[in-house]
Amino acid sequence: MPRDSLRTNTLLGLVASLALAAGKFVAGLLGHSSALIADGVESLADTLGSLVVWHGLRVASREPDDQHPYGYGRAETMAALFVGALLVVAAAFIVVKAFGEILTPHRAPAPWTLLVLVGVIIAKEALFRIVLRGALEFQSDAAKADAWHHRSDAITSAAALVGVSVAIWGPKWLDMPRLVLADEVAAILASGVILLTGIRLIRPAMRELLDASSEDLARKARGTASGVQGVRVVEKVHARKSGRGYLVDMHLHVDPTLDVRTAHSLAGRVKAELRRAHPEVVHVLIHVEPDERAPTKAE
């Protein structure tokens, strides 16, 4: 099942992020690296984010019921929004901590912390590719958010690797003691990338929650409905995303002499054709109206 695969990937990311976060915290404390500690904070955000996404996918897998006739798809949207907000908070925390370290004299990080960062980068990039592959295959915004969370962690780790390297070797090779602050500068730069990633995830989630129309799908749905025999005019087509599917509303103008049963049958054919031509459409609501341009029997 698609959702089972997505939840498995998310659970894998959750366990891996938790282990990496613990490792980076310990390495950062023992190796005196602010960038590594900040990276550990980002990994903790990854862990919480993966947990939220996993729960969102589990809720979204429920079938529609009387109280939720449109299903639970937007549980994924809420999860994506939460993960984006979490990245923004993590970026702010890293900046505050890094500036605090800049104002406090400290020694350079231990050289062995570089090996920890290399291992983290490899692990996080692998997780990004695994989770993103499933997210793109099943069109899941929540899983996509989780994947980019892993990529942002890989980016912060890469920035930390550069910063820690300069902080360790720069003061000795270039005789510039202030280069020890490269560790904190790397953390601040990485926080900018995290912030942009968070905004990138928040925007589509907000559009979906605010029922923004998908103009591209609405245009395609209009064309499909217009091709069904008996439909004269297609009016007021709206398509909005809900989880991994779309909800389509449209008005059809038909021959005003049609009886209710025939008009209802025509609407059913349009729904079936829309679902066939556009598998991403999970629900269609059609309002049938008489085409007033046509002459009536009374005339």
# chains A, B, ... in the order shown; residues from 1 in each chain; ligands from 1
call {"tool": "select_by_dssp", "arguments": {"residues": "region 4-134 of chain A", "states": "alpha helix (DSSP H)", "output": "ChimeraX atom specification"}}
result
/A:4-31,34-60,74-102,113-134
call {"tool": "residues_around", "arguments": {"residues": "Val270 (chain A)", "least_positions_apart": "2", "cutoff": "12 Å", "atoms": "only C-alpha atoms", "output": "VMD selection string"}}
result
chain A and resid 221 to 231 234 248 to 252 263 to 268 272 to 278 284 to 288
call {"tool": "write_last_selection", "arguments": {"atoms": "C-alpha atoms", "output": "mmCIF file, in the first residue's frame"}}
result
data_model
loop_
_atom_site.group_PDB
_atom_site.id
_atom_site.type_symbol
_atom_site.label_atom_id
_atom_site.label_comp_id
_atom_site.auth_asym_id
_atom_site.auth_seq_id
_atom_site.Cartn_x
_atom_site.Cartn_y
_atom_site.Cartn_z
ATOM 1 C CA ALA A 221 -11.237 19.344 -15.931
ATOM 2 C CA ARG A 222 -13.210 21.913 -17.926
ATOM 3 C CA GLY A 223 -11.875 20.474 -21.169
ATOM 4 C CA THR A 224 -12.682 16.902 -20.129
ATOM 5 C CA ALA A 225 -16.238 17.743 -19.056
ATOM 6 C CA SER A 226 -16.869 19.725 -22.245
ATOM 7 C CA GLY A 227 -16.105 16.620 -24.278
ATOM 8 C CA VAL A 228 -18.933 14.590 -22.710
ATOM 9 C CA GLN A 229 -21.945 14.367 -25.023
ATOM 10 C CA GLY A 230 -24.886 16.340 -23.674
ATOM 11 C CA VAL A 231 -22.837 19.022 -21.912
ATOM 12 C CA VAL A 234 -19.059 24.138 -18.384
ATOM 13 C CA VAL A 248 -13.442 19.457 -8.102
ATOM 14 C CA ASP A 249 -16.631 21.553 -8.182
ATOM 15 C CA MET A 250 -18.306 22.590 -11.430
ATOM 16 C CA HIS A 251 -21.552 23.863 -12.947
ATOM 17 C CA LEU A 252 -22.867 22.200 -16.120
ATOM 18 C CA ALA A 263 -29.704 15.166 -16.167
ATOM 19 C CA HIS A 264 -28.562 13.136 -13.161
ATOM 20 C CA SER A 265 -27.265 10.395 -15.458
ATOM 21 C CA LEU A 266 -25.338 12.966 -17.496
ATOM 22 C CA ALA A 267 -23.714 14.349 -14.353
ATOM 23 C CA GLY A 268 -22.709 10.798 -13.407
ATOM 24 C CA ALA A 272 -16.781 9.080 -14.227
ATOM 25 C CA GLU A 273 -14.927 10.676 -17.137
ATOM 26 C CA LEU A 274 -13.186 13.170 -14.833
ATOM 27 C CA ARG A 275 -12.051 10.396 -12.492
ATOM 28 C CA ARG A 276 -10.845 8.315 -15.447
ATOM 29 C CA ALA A 277 -8.960 11.141 -17.175
ATOM 30 C CA HIS A 278 -7.554 12.638 -13.973
ATOM 31 C CA VAL A 284 -16.423 15.688 -7.857
ATOM 32 C CA LEU A 285 -19.432 17.887 -7.051
ATOM 33 C CA ILE A 286 -21.592 18.871 -10.047
ATOM 34 C CA HIS A 287 -24.413 21.381 -10.175
ATOM 35 C CA VAL A 288 -26.647 21.023 -13.251
#
call {"tool": "closest_residue", "arguments": {"among": "A:Lys144, A:His238, A:His149, A:Arg107", "to": "Lys124 (chain A)", "atoms": "only C-alpha atoms"}}
result
A:His149
call {"tool": "atom_distance", "arguments": {"atom1": "CA of Gly23 (chain A)", "atom2": "CA of Thr156 (chain A)"}}
result
15.1 Å
call {"tool": "residues_around", "arguments": {"residues": "Ile155 (chain A)", "least_positions_apart": "6", "cutoff": "9 Å", "atoms": "only C-alpha atoms", "output": "ChimeraX atom specification"}}
result
/A:121,125,190,193-194
call {"tool": "write_last_selection", "arguments": {"atoms": "N, CA and C atoms", "output": "compact mmCIF listing (two decimals), in the first residue's frame"}}
result
# COMPACT_ATOMS: atom_id res chain seq x y z
N ILE A 121 26.48 13.68 7.14
CA ILE A 121 26.13 14.16 5.80
C ILE A 121 25.73 13.00 4.90
N GLU A 125 21.83 12.58 3.54
CA GLU A 125 21.59 12.68 2.10
C GLU A 125 20.92 11.40 1.59
N ALA A 190 24.13 28.33 7.88
CA ALA A 190 23.28 27.16 7.70
C ALA A 190 21.85 27.46 8.13
N VAL A 193 19.74 28.75 5.30
CA VAL A 193 19.25 27.71 4.40
C VAL A 193 18.04 27.00 5.02
N ILE A 194 18.13 26.73 6.31
CA ILE A 194 17.02 26.08 7.01
C ILE A 194 15.77 26.95 6.96
call {"tool": "select_by_dssp", "arguments": {"residues": "region 66-285 of chain A", "states": "strand (DSSP E)", "output": "mmCIF file with N, CA and C atoms, in the first residue's frame"}}
result
data_model
loop_
_atom_site.group_PDB
_atom_site.id
_atom_site.type_symbol
_atom_site.label_atom_id
_atom_site.label_comp_id
_atom_site.auth_asym_id
_atom_site.auth_seq_id
_atom_site.Cartn_x
_atom_site.Cartn_y
_atom_site.Cartn_z
ATOM 1 N N VAL A 233 -22.393 23.752 -21.790
ATOM 2 C CA VAL A 233 -21.475 24.755 -21.256
ATOM 3 C C VAL A 233 -20.950 24.273 -19.906
ATOM 4 N N VAL A 234 -19.660 24.443 -19.687
ATOM 5 C CA VAL A 234 -19.059 24.138 -18.384
ATOM 6 C C VAL A 234 -18.701 25.461 -17.725
ATOM 7 N N GLU A 235 -19.238 25.682 -16.540
ATOM 8 C CA GLU A 235 -19.076 26.970 -15.877
ATOM 9 C C GLU A 235 -18.574 26.781 -14.437
ATOM 10 N N LYS A 236 -17.864 27.792 -13.923
ATOM 11 C CA LYS A 236 -17.452 27.840 -12.517
ATOM 12 C C LYS A 236 -16.737 26.555 -12.070
ATOM 13 N N VAL A 237 -15.639 26.256 -12.707
ATOM 14 C CA VAL A 237 -14.863 25.073 -12.342
ATOM 15 C C VAL A 237 -13.830 25.455 -11.292
ATOM 16 N N HIS A 238 -13.841 24.749 -10.169
ATOM 17 C CA HIS A 238 -12.862 24.977 -9.105
ATOM 18 C C HIS A 238 -12.218 23.647 -8.732
ATOM 19 N N ALA A 239 -10.908 23.655 -8.567
ATOM 20 C CA ALA A 239 -10.173 22.456 -8.153
ATOM 21 C C ALA A 239 -9.275 22.832 -6.984
ATOM 22 N N ARG A 240 -9.381 22.107 -5.900
ATOM 23 C CA ARG A 240 -8.556 22.406 -4.720
ATOM 24 C C ARG A 240 -7.949 21.122 -4.190
ATOM 25 N N LYS A 241 -6.746 21.249 -3.671
ATOM 26 C CA LYS A 241 -6.004 20.087 -3.211
ATOM 27 C C LYS A 241 -6.390 19.727 -1.786
ATOM 28 N N SER A 242 -6.468 18.434 -1.509
ATOM 29 C CA SER A 242 -6.728 17.937 -0.157
ATOM 30 C C SER A 242 -5.875 16.691 0.043
ATOM 31 N N GLY A 245 -4.977 14.170 -3.013
ATOM 32 C CA GLY A 245 -5.992 14.212 -4.048
ATOM 33 C C GLY A 245 -6.555 15.610 -4.243
ATOM 34 N N TYR A 246 -7.453 15.740 -5.215
ATOM 35 C CA TYR A 246 -8.076 17.020 -5.525
ATOM 36 C C TYR A 246 -9.594 16.906 -5.474
ATOM 37 N N LEU A 247 -10.239 17.986 -5.052
ATOM 38 C CA LEU A 247 -11.684 18.089 -5.013
ATOM 39 C C LEU A 247 -12.096 19.063 -6.111
ATOM 40 N N VAL A 248 -13.023 18.635 -6.963
ATOM 41 C CA VAL A 248 -13.442 19.457 -8.102
ATOM 42 C C VAL A 248 -14.921 19.792 -7.982
ATOM 43 N N ASP A 249 -15.245 21.072 -8.139
ATOM 44 C CA ASP A 249 -16.631 21.553 -8.182
ATOM 45 C C ASP A 249 -16.859 22.210 -9.540
ATOM 46 N N MET A 250 -18.014 21.945 -10.151
ATOM 47 C CA MET A 250 -18.306 22.590 -11.430
ATOM 48 C C MET A 250 -19.806 22.700 -11.676
ATOM 49 N N HIS A 251 -20.173 23.677 -12.506
ATOM 50 C CA HIS A 251 -21.552 23.863 -12.947
ATOM 51 C C HIS A 251 -21.648 23.449 -14.409
ATOM 52 N N LEU A 252 -22.645 22.621 -14.745
ATOM 53 C CA LEU A 252 -22.867 22.200 -16.120
ATOM 54 C C LEU A 252 -24.177 22.784 -16.624
ATOM 55 N N HIS A 253 -24.147 23.363 -17.805
ATOM 56 C CA HIS A 253 -25.370 23.827 -18.459
ATOM 57 C C HIS A 253 -25.781 22.773 -19.486
ATOM 58 N N VAL A 254 -27.028 22.316 -19.386
ATOM 59 C CA VAL A 254 -27.515 21.251 -20.263
ATOM 60 C C VAL A 254 -28.836 21.686 -20.909
ATOM 61 N N VAL A 281 -8.045 13.232 -9.073
ATOM 62 C CA VAL A 281 -9.322 13.763 -8.606
ATOM 63 C C VAL A 281 -10.023 12.695 -7.770
ATOM 64 N N VAL A 282 -10.295 13.000 -6.510
ATOM 65 C CA VAL A 282 -10.897 12.015 -5.605
ATOM 66 C C VAL A 282 -12.367 12.313 -5.309
ATOM 67 N N HIS A 283 -12.810 13.532 -5.608
ATOM 68 C CA HIS A 283 -14.206 13.878 -5.336
ATOM 69 C C HIS A 283 -14.664 14.933 -6.339
ATOM 70 N N VAL A 284 -15.877 14.748 -6.885
ATOM 71 C CA VAL A 284 -16.423 15.688 -7.857
ATOM 72 C C VAL A 284 -17.831 16.077 -7.424
ATOM 73 N N LEU A 285 -18.093 17.373 -7.361
ATOM 74 C CA LEU A 285 -19.432 17.887 -7.051
ATOM 75 C C LEU A 285 -19.917 18.672 -8.263
#
call {"tool": "closest_atom_pairs", "arguments": {"of": "region 30-129 of chain A", "to": "region 158-171 of chain A", "cutoff": "7 Å", "atoms": "only C-alpha atoms", "output": "JSON lines"}}
result
{"residue": "A:Ala35", "atom": "CA", "partner": "A:Ala160", "partner_atom": "CA", "distance": 5.3}
{"residue": "A:Leu36", "atom": "CA", "partner": "A:Ala160", "partner_atom": "CA", "distance": 6.5}
{"residue": "A:Ala108", "atom": "CA", "partner": "A:Ile168", "partner_atom": "CA", "distance": 5.5}
{"residue": "A:Pro109", "atom": "CA", "partner": "A:Ile168", "partner_atom": "CA", "distance": 6.1}
{"residue": "A:Pro111", "atom": "CA", "partner": "A:Ile168", "partner_atom": "CA", "distance": 6.6}
{"residue": "A:Leu114", "atom": "CA", "partner": "A:Leu161", "partner_atom": "CA", "distance": 6.1}
{"residue": "A:Leu117", "atom": "CA", "partner": "A:Leu161", "partner_atom": "CA", "distance": 6.0}
{"residue": "A:Ile121", "atom": "CA", "partner": "A:Ala158", "partner_atom": "CA", "distance": 6.5}
call {"tool": "write_last_selection", "arguments": {"atoms": "C-alpha atoms", "output": "short mmCIF file (atom, residue, chain, number, x, y, z; two decimals), in the first residue's frame"}}
result
data_model
loop_
_atom_site.label_atom_id
_atom_site.label_comp_id
_atom_site.auth_asym_id
_atom_site.auth_seq_id
_atom_site.Cartn_x
_atom_site.Cartn_y
_atom_site.Cartn_z
CA ALA A 35 28.15 24.18 14.90
CA LEU A 36 27.85 20.51 15.81
CA ALA A 108 38.69 25.45 18.64
CA PRO A 109 36.67 22.22 18.17
CA PRO A 111 39.61 17.51 14.96
CA LEU A 114 34.98 16.29 11.40
CA LEU A 117 30.03 15.40 10.42
CA ILE A 121 26.13 14.16 5.80
#
call {"tool": "decode", "arguments": {"residues": "region 240-251 of chain A", "atoms": "C-alpha atoms", "output": "PDB file, in the first residue's frame"}}
result
ATOM      1  CA  ARG A 240      -8.556  22.406  -4.720  1.00  0.00           C
ATOM      2  CA  LYS A 241      -6.004  20.087  -3.211  1.00  0.00           C
ATOM      3  CA  SER A 242      -6.728  17.937  -0.157  1.00  0.00           C
ATOM      4  CA  GLY A 243      -3.838  15.716   0.896  1.00  0.00           C
ATOM      5  CA  ARG A 244      -2.733  13.720  -2.131  1.00  0.00           C
ATOM      6  CA  GLY A 245      -5.992  14.212  -4.048  1.00  0.00           C
ATOM      7  CA  TYR A 246      -8.076  17.020  -5.525  1.00  0.00           C
ATOM      8  CA  LEU A 247     -11.684  18.089  -5.013  1.00  0.00           C
ATOM      9  CA  VAL A 248     -13.442  19.457  -8.102  1.00  0.00           C
ATOM     10  CA  ASP A 249     -16.631  21.553  -8.182  1.00  0.00           C
ATOM     11  CA  MET A 250     -18.306  22.590 -11.430  1.00  0.00           C
ATOM     12  CA  HIS A 251     -21.552  23.863 -12.947  1.00  0.00           C
TER      13      HIS A 251
END
